[in-house]
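Notes follow the structure.
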Amino acid sequence: MNRVSASTAGSLDSCWRQPKGAGAGRSLTHTGLPKAPPSLRQFRVLSLGAATVSTAAKAHATPADIFAKAFRVKSSRTIKGSDRSRSVSVLVPGKEELSIVKLCAHRGDAVTVYVSGGNPVLFELEKSLYPTVYTLWSYPDLLPVFTTWPPVLEKLVGGADLMLPGLVVPPAGLPQVQQGDLCAIALLGNSPEGRQLDMKKSSYKKLSKFLQHMQQERIIQVKELSKGVESIVAVDWKHERITSFVIAEPSPTSQTIQEGSREQSYHPPDIKSLYCVPASMTVLFQESGHKKGSVLEGGEVRTIVINYVKKNDLVDADNKNLVKLDPILCDCILEKNEQHTVMKLPWDSLLTRCLEKLQPAYQVTFPGQEPIVKKGRICPIDITLAQRASNKKVTVVRNLEAYGLDPYSVAAILQQRCQASTTVTLAPGAKDSLQVQIQGNQVHHLSQLLLEEYQLPRKYIQGLEKAPKPGKKK
């Protein structure tokens with residue numbers, strides 16, 4: 001069951017918008033994420049009203065009320081590890097950067113927000129600490145979790161209490177809580193357990209096109225609340241397309257496949273270099289039935305050139321290692337300043353020049369899928385180091401998707417292994433590509449993950465030489 005944590009303690013999430021493609025509409029699973037440290041479970045908190053199993057009247061403002069409308073930032077500063085409270089230090093270790101943001105809510109309430117890695121992790125209201133949804137994603141067992149339906153969430157956001165009829169009761173039963181205990185509320189996902197939805201394999205191809213179509217159908221309302229960041233601001237849960245939606249029950253065979261696939265490890269794609277015939281080379285390849293844009297393997301190119309040479313009797317009679325260049329070969333493979341000076345070429349030079357004049361292309365084949373052919377050269381996984389505030393180093397990884405790797409899954413694994421904060425954002429200058437950022441120099445961990453576990457060829461990874469030398473600080 002894929003679930004998205006929707007605790008009203010995390011209503012702040014609607015104010016800290018994630019980049020396009022990284023938040024709205026994406027189901028997040030908690031597989032493999034770290035469990036909350038024991039001391040985190042000892043938070044002393046007040047009633048959250050809508051986020052507690054309670055029918056008591058709410059005498060104080062709740063986080064749902066406070067973050068229901070825009071707030072005003074009063075100040076922001078970075079604090080040192082020695083200045084942190086014990087509870088905050090459990091979530092954000094001293095080596096990680098932490099900022100305190102003072103807010104003034106629309107009702108005048110003073111709120112303190114703790115921000116790490118660009119994400120709000122905790123906020124303080126009336127001397128009590130509350131985790132945000134970002135913290136609940138990282139520590140899914142931090143609070144007792146109740147699952148409900150999307151229409152019920154509308155009522156909760158409006159200030160209603162969570163009542164028993166609105167709960168989805170799991171086979172193990174409901175968690176044991178007392179009146180006033182802080183709880184997390186999760187939404188029942190639309191995607192069955194063990195399945196993933198790949199937007200690129202749909203007719204929409206891109207998330208932005210899907211959202212645009214859903215808005216035209218009046219199912220959702222999308223607004224650009226800040227430059228380059230689109231957010232879903234409203235959903236018509238009563239729309240016929242939603243109310244009539246039914247999840248098809250998988251067949252026993254497909255269930256077996258899905259259950260088996262959970263145990264399967266990542267398998268790298270088979271990547272093959274190809275060559276595309278440009279207009280300038282068409283005359284050389286047309287006799288073999290190829291035209292402009294035809295895609296060939298290196299072996300096919302060699303065979304076509306060899307057959308052309310033999311068919312036109314271009315092998316030098318005195319030296320079988322040389323090929324005489326006719327007008328077609330001259331036009332296709334020679335530079336302008338060589339046209340009247342180079343009359344013959346060795347076989348290896350002829351074939352090498354021919355391959356260099358063709359346009360590069362490549363074929364990627366993932367296990368169990370049809371091959372995908374693209375023009376150009378495949379971009380390697382790019383690992384770089386960057387400096388952030390307070391001269392802190394971060395490791396940035398790009399182009400994971402080209403090799404069938406989910407940036408969110410990689411980020412979760414690295415967060416666990418490196419014991420460092422990770423974030424997933426849009427890659428600069430790319431519309432649909434994401435990058436993973438890990439605090440500190442984590443190239444060594446990336447090298448182990450990509451080369452040893454995922455078995456990716458080293459030639460498709462650049463930046464591995466940036467790993468810290470033994471004895472040096474990261």
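Each chain of the structure tokens is named A, B, ... in the order shown, its residues numbered from 1; ligands are numbered from 1 in display order.
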Could you give me, as an mmCIF file with all heavy atoms, in the first residue's frame, the residues within 7 Å of Trp149 (chain A), counting only C-alpha atoms and dropping anything in the same chain fewer than 2 positions from it?
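Done, and the output landed in part_36.cif:
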data_model
loop_
_atom_site.group_PDB
_atom_site.id
_atom_site.type_symbol
_atom_site.label_atom_id
_atom_site.label_comp_id
_atom_site.auth_asym_id
_atom_site.auth_seq_id
_atom_site.Cartn_x
_atom_site.Cartn_y
_atom_site.Cartn_z
ATOM 1 N N PRO A 151 -11.291 11.984 0.517
ATOM 2 C CA PRO A 151 -12.384 12.906 0.860
ATOM 3 C C PRO A 151 -12.405 13.285 2.344
ATOM 4 O O PRO A 151 -12.826 14.383 2.708
ATOM 5 C CB PRO A 151 -13.650 12.134 0.469
ATOM 6 C CG PRO A 151 -13.193 11.149 -0.565
ATOM 7 C CD PRO A 151 -11.817 10.755 -0.131
ATOM 8 N N VAL A 152 -11.954 12.364 3.216
ATOM 9 C CA VAL A 152 -11.935 12.662 4.648
ATOM 10 C C VAL A 152 -10.899 13.733 4.953
ATOM 11 O O VAL A 152 -11.097 14.587 5.824
ATOM 12 C CB VAL A 152 -11.639 11.376 5.455
ATOM 13 C CG1 VAL A 152 -11.550 11.681 6.946
ATOM 14 C CG2 VAL A 152 -12.719 10.327 5.187
ATOM 15 N N LEU A 153 -9.783 13.720 4.200
ATOM 16 C CA LEU A 153 -8.732 14.707 4.446
ATOM 17 C C LEU A 153 -9.257 16.120 4.243
ATOM 18 O O LEU A 153 -8.856 17.049 4.943
ATOM 19 C CB LEU A 153 -7.542 14.441 3.527
ATOM 20 C CG LEU A 153 -6.350 15.380 3.715
ATOM 21 C CD1 LEU A 153 -5.736 15.206 5.091
ATOM 22 C CD2 LEU A 153 -5.299 15.159 2.640
ATOM 23 N N LEU A 187 -2.803 8.929 3.761
ATOM 24 C CA LEU A 187 -3.825 8.725 2.749
ATOM 25 C C LEU A 187 -3.686 7.358 2.119
ATOM 26 O O LEU A 187 -2.567 6.896 1.861
ATOM 27 C CB LEU A 187 -3.721 9.781 1.644
ATOM 28 C CG LEU A 187 -4.152 11.197 1.997
ATOM 29 C CD1 LEU A 187 -4.054 12.078 0.760
ATOM 30 C CD2 LEU A 187 -5.566 11.230 2.528
ATOM 31 N N LEU A 188 -4.806 6.703 1.860
ATOM 32 C CA LEU A 188 -4.805 5.443 1.141
ATOM 33 C C LEU A 188 -4.457 5.736 -0.310
ATOM 34 O O LEU A 188 -5.143 6.504 -0.974
ATOM 35 C CB LEU A 188 -6.180 4.777 1.231
ATOM 36 C CG LEU A 188 -6.288 3.371 0.641
ATOM 37 C CD1 LEU A 188 -5.452 2.397 1.452
ATOM 38 C CD2 LEU A 188 -7.733 2.918 0.611
#
Which neighbours of region 434-443 of chain A fall inside 6 Å, counting only C-alpha atoms, when residues of the same chain fewer than 6 positions from it are skipped, and could you give them as a ChimeraX atom specification?
-> /A:393-398,420-427,467,474
Residues at most 12 Å from Gly376 (chain A), counting only C-alpha atoms, excluding those fewer than 5 positions away in the same chain, as a PDB file with all heavy atoms, in the first residue's frame?
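out.pdb, written as the output of this step:
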ATOM      1  N   SER A 273      26.415   1.246 -28.321  1.00  0.00           N
ATOM      2  CA  SER A 273      26.684   2.415 -29.171  1.00  0.00           C
ATOM      3  C   SER A 273      26.206   2.146 -30.593  1.00  0.00           C
ATOM      4  O   SER A 273      26.443   1.059 -31.153  1.00  0.00           O
ATOM      5  CB  SER A 273      28.189   2.726 -29.184  1.00  0.00           C
ATOM      6  OG  SER A 273      28.626   3.122 -27.907  1.00  0.00           O
ATOM      7  N   LEU A 274      25.541   3.116 -31.181  1.00  0.00           N
ATOM      8  CA  LEU A 274      25.025   3.004 -32.546  1.00  0.00           C
ATOM      9  C   LEU A 274      25.469   4.210 -33.363  1.00  0.00           C
ATOM     10  O   LEU A 274      26.041   5.166 -32.833  1.00  0.00           O
ATOM     11  CB  LEU A 274      23.495   2.919 -32.524  1.00  0.00           C
ATOM     12  CG  LEU A 274      22.873   1.740 -31.764  1.00  0.00           C
ATOM     13  CD1 LEU A 274      21.362   1.875 -31.742  1.00  0.00           C
ATOM     14  CD2 LEU A 274      23.290   0.407 -32.373  1.00  0.00           C
ATOM     15  N   TYR A 275      25.184   4.139 -34.657  1.00  0.00           N
ATOM     16  CA  TYR A 275      25.573   5.216 -35.566  1.00  0.00           C
ATOM     17  C   TYR A 275      24.401   5.562 -36.465  1.00  0.00           C
ATOM     18  O   TYR A 275      23.702   4.675 -36.976  1.00  0.00           O
ATOM     19  CB  TYR A 275      26.785   4.805 -36.409  1.00  0.00           C
ATOM     20  CG  TYR A 275      27.989   4.462 -35.557  1.00  0.00           C
ATOM     21  CD1 TYR A 275      28.195   3.152 -35.101  1.00  0.00           C
ATOM     22  CD2 TYR A 275      28.902   5.435 -35.188  1.00  0.00           C
ATOM     23  CE1 TYR A 275      29.277   2.834 -34.307  1.00  0.00           C
ATOM     24  CE2 TYR A 275      29.999   5.127 -34.388  1.00  0.00           C
ATOM     25  CZ  TYR A 275      30.175   3.824 -33.951  1.00  0.00           C
ATOM     26  OH  TYR A 275      31.252   3.520 -33.162  1.00  0.00           O
ATOM     27  N   CYS A 276      24.199   6.867 -36.661  1.00  0.00           N
ATOM     28  CA  CYS A 276      23.082   7.355 -37.474  1.00  0.00           C
ATOM     29  C   CYS A 276      23.631   7.957 -38.758  1.00  0.00           C
ATOM     30  O   CYS A 276      24.605   8.738 -38.739  1.00  0.00           O
ATOM     31  CB  CYS A 276      22.302   8.391 -36.669  1.00  0.00           C
ATOM     32  SG  CYS A 276      20.764   8.910 -37.426  1.00  0.00           S
ATOM     33  N   VAL A 295      19.737   3.875 -38.510  1.00  0.00           N
ATOM     34  CA  VAL A 295      20.576   3.603 -37.334  1.00  0.00           C
ATOM     35  C   VAL A 295      21.241   2.248 -37.515  1.00  0.00           C
ATOM     36  O   VAL A 295      20.578   1.242 -37.795  1.00  0.00           O
ATOM     37  CB  VAL A 295      19.734   3.625 -36.040  1.00  0.00           C
ATOM     38  CG1 VAL A 295      20.601   3.288 -34.836  1.00  0.00           C
ATOM     39  CG2 VAL A 295      19.093   4.992 -35.850  1.00  0.00           C
ATOM     40  N   LEU A 358      29.865   9.553 -39.019  1.00  0.00           N
ATOM     41  CA  LEU A 358      28.461   9.235 -38.713  1.00  0.00           C
ATOM     42  C   LEU A 358      28.046   9.911 -37.414  1.00  0.00           C
ATOM     43  O   LEU A 358      28.882  10.230 -36.564  1.00  0.00           O
ATOM     44  CB  LEU A 358      28.285   7.724 -38.597  1.00  0.00           C
ATOM     45  CG  LEU A 358      28.511   6.914 -39.877  1.00  0.00           C
ATOM     46  CD1 LEU A 358      28.510   5.429 -39.566  1.00  0.00           C
ATOM     47  CD2 LEU A 358      27.462   7.238 -40.924  1.00  0.00           C
ATOM     48  N   GLN A 359      26.757  10.142 -37.270  1.00  0.00           N
ATOM     49  CA  GLN A 359      26.246  10.775 -36.051  1.00  0.00           C
ATOM     50  C   GLN A 359      26.078   9.717 -34.959  1.00  0.00           C
ATOM     51  O   GLN A 359      25.596   8.619 -35.225  1.00  0.00           O
ATOM     52  CB  GLN A 359      24.904  11.459 -36.325  1.00  0.00           C
ATOM     53  CG  GLN A 359      25.007  12.627 -37.290  1.00  0.00           C
ATOM     54  CD  GLN A 359      23.654  13.206 -37.657  1.00  0.00           C
ATOM     55  OE1 GLN A 359      22.625  12.586 -37.428  1.00  0.00           O
ATOM     56  NE2 GLN A 359      23.658  14.393 -38.233  1.00  0.00           N
ATOM     57  N   PRO A 360      26.482  10.051 -33.711  1.00  0.00           N
ATOM     58  CA  PRO A 360      26.377   9.066 -32.629  1.00  0.00           C
ATOM     59  C   PRO A 360      24.924   8.821 -32.219  1.00  0.00           C
ATOM     60  O   PRO A 360      24.084   9.711 -32.276  1.00  0.00           O
ATOM     61  CB  PRO A 360      27.176   9.706 -31.496  1.00  0.00           C
ATOM     62  CG  PRO A 360      27.090  11.176 -31.758  1.00  0.00           C
ATOM     63  CD  PRO A 360      27.067  11.331 -33.264  1.00  0.00           C
ATOM     64  N   ALA A 361      24.660   7.623 -31.784  1.00  0.00           N
ATOM     65  CA  ALA A 361      23.356   7.239 -31.231  1.00  0.00           C
ATOM     66  C   ALA A 361      23.621   6.099 -30.248  1.00  0.00           C
ATOM     67  O   ALA A 361      24.742   5.588 -30.158  1.00  0.00           O
ATOM     68  CB  ALA A 361      22.391   6.810 -32.323  1.00  0.00           C
ATOM     69  N   TYR A 362      22.597   5.720 -29.507  1.00  0.00           N
ATOM     70  CA  TYR A 362      22.780   4.614 -28.563  1.00  0.00           C
ATOM     71  C   TYR A 362      21.452   3.906 -28.319  1.00  0.00           C
ATOM     72  O   TYR A 362      20.376   4.467 -28.534  1.00  0.00           O
ATOM     73  CB  TYR A 362      23.387   5.088 -27.248  1.00  0.00           C
ATOM     74  CG  TYR A 362      22.530   6.051 -26.455  1.00  0.00           C
ATOM     75  CD1 TYR A 362      21.669   5.595 -25.460  1.00  0.00           C
ATOM     76  CD2 TYR A 362      22.578   7.415 -26.695  1.00  0.00           C
ATOM     77  CE1 TYR A 362      20.888   6.460 -24.728  1.00  0.00           C
ATOM     78  CE2 TYR A 362      21.800   8.305 -25.975  1.00  0.00           C
ATOM     79  CZ  TYR A 362      20.962   7.827 -24.995  1.00  0.00           C
ATOM     80  OH  TYR A 362      20.180   8.700 -24.282  1.00  0.00           O
ATOM     81  N   GLN A 363      21.557   2.670 -27.882  1.00  0.00           N
ATOM     82  CA  GLN A 363      20.379   1.861 -27.560  1.00  0.00           C
ATOM     83  C   GLN A 363      20.479   1.404 -26.113  1.00  0.00           C
ATOM     84  O   GLN A 363      21.510   0.903 -25.679  1.00  0.00           O
ATOM     85  CB  GLN A 363      20.313   0.650 -28.483  1.00  0.00           C
ATOM     86  CG  GLN A 363      19.191  -0.327 -28.149  1.00  0.00           C
ATOM     87  CD  GLN A 363      19.202  -1.527 -29.064  1.00  0.00           C
ATOM     88  OE1 GLN A 363      18.841  -1.435 -30.233  1.00  0.00           O
ATOM     89  NE2 GLN A 363      19.624  -2.675 -28.543  1.00  0.00           N
TER      90      GLN A 363
END
Every residue of region 242-446 of chain A that DSSP places in strand (DSSP E), as a ChimeraX atom specification = /A:270-276,295-297,322-324,344-346,359-365,372-375,381-388,392-398,422-426,434-439
For Val235 (chain A), work out the shell of residues within 8 Å, counting only C-alpha atoms and skipping chain neighbours fewer than 5 positions away, then give it as a PDB file with N, CA and C atoms, in the first residue's frame.
ATOM      1  N   ILE A 219     -10.701  18.517 -12.968  1.00  0.00           N
ATOM      2  CA  ILE A 219     -10.513  17.585 -11.864  1.00  0.00           C
ATOM      3  C   ILE A 219      -9.646  18.220 -10.790  1.00  0.00           C
ATOM      4  N   ILE A 220      -8.630  18.938 -11.220  1.00  0.00           N
ATOM      5  CA  ILE A 220      -7.739  19.630 -10.284  1.00  0.00           C
ATOM      6  C   ILE A 220      -7.568  21.077 -10.725  1.00  0.00           C
ATOM      7  N   GLN A 221      -6.995  21.862  -9.838  1.00  0.00           N
ATOM      8  CA  GLN A 221      -6.639  23.245 -10.149  1.00  0.00           C
ATOM      9  C   GLN A 221      -5.167  23.434  -9.841  1.00  0.00           C
TER      10      GLN A 221
END
Which neighbours of Val169 (chain A) fall inside 12 Å, counting only C-alpha atoms, when residues of the same chain fewer than 3 positions from it are skipped, and could you give them as a ChimeraX atom specification?
-> /A:145-149,164-166,172-175,188
Please provide the set of residues having any atom within 10 Å of region 279-281 of chain A, restricted to only C-alpha atoms, with same-chain residues fewer than 5 positions apart removed, written as a list in words.
-> Gln286, Lys291, Lys292, Gly293, Ile328, Leu329, Asp331, Cys332, Ile333, Cys354, Lys357, Leu358 and Gln359 of chain A
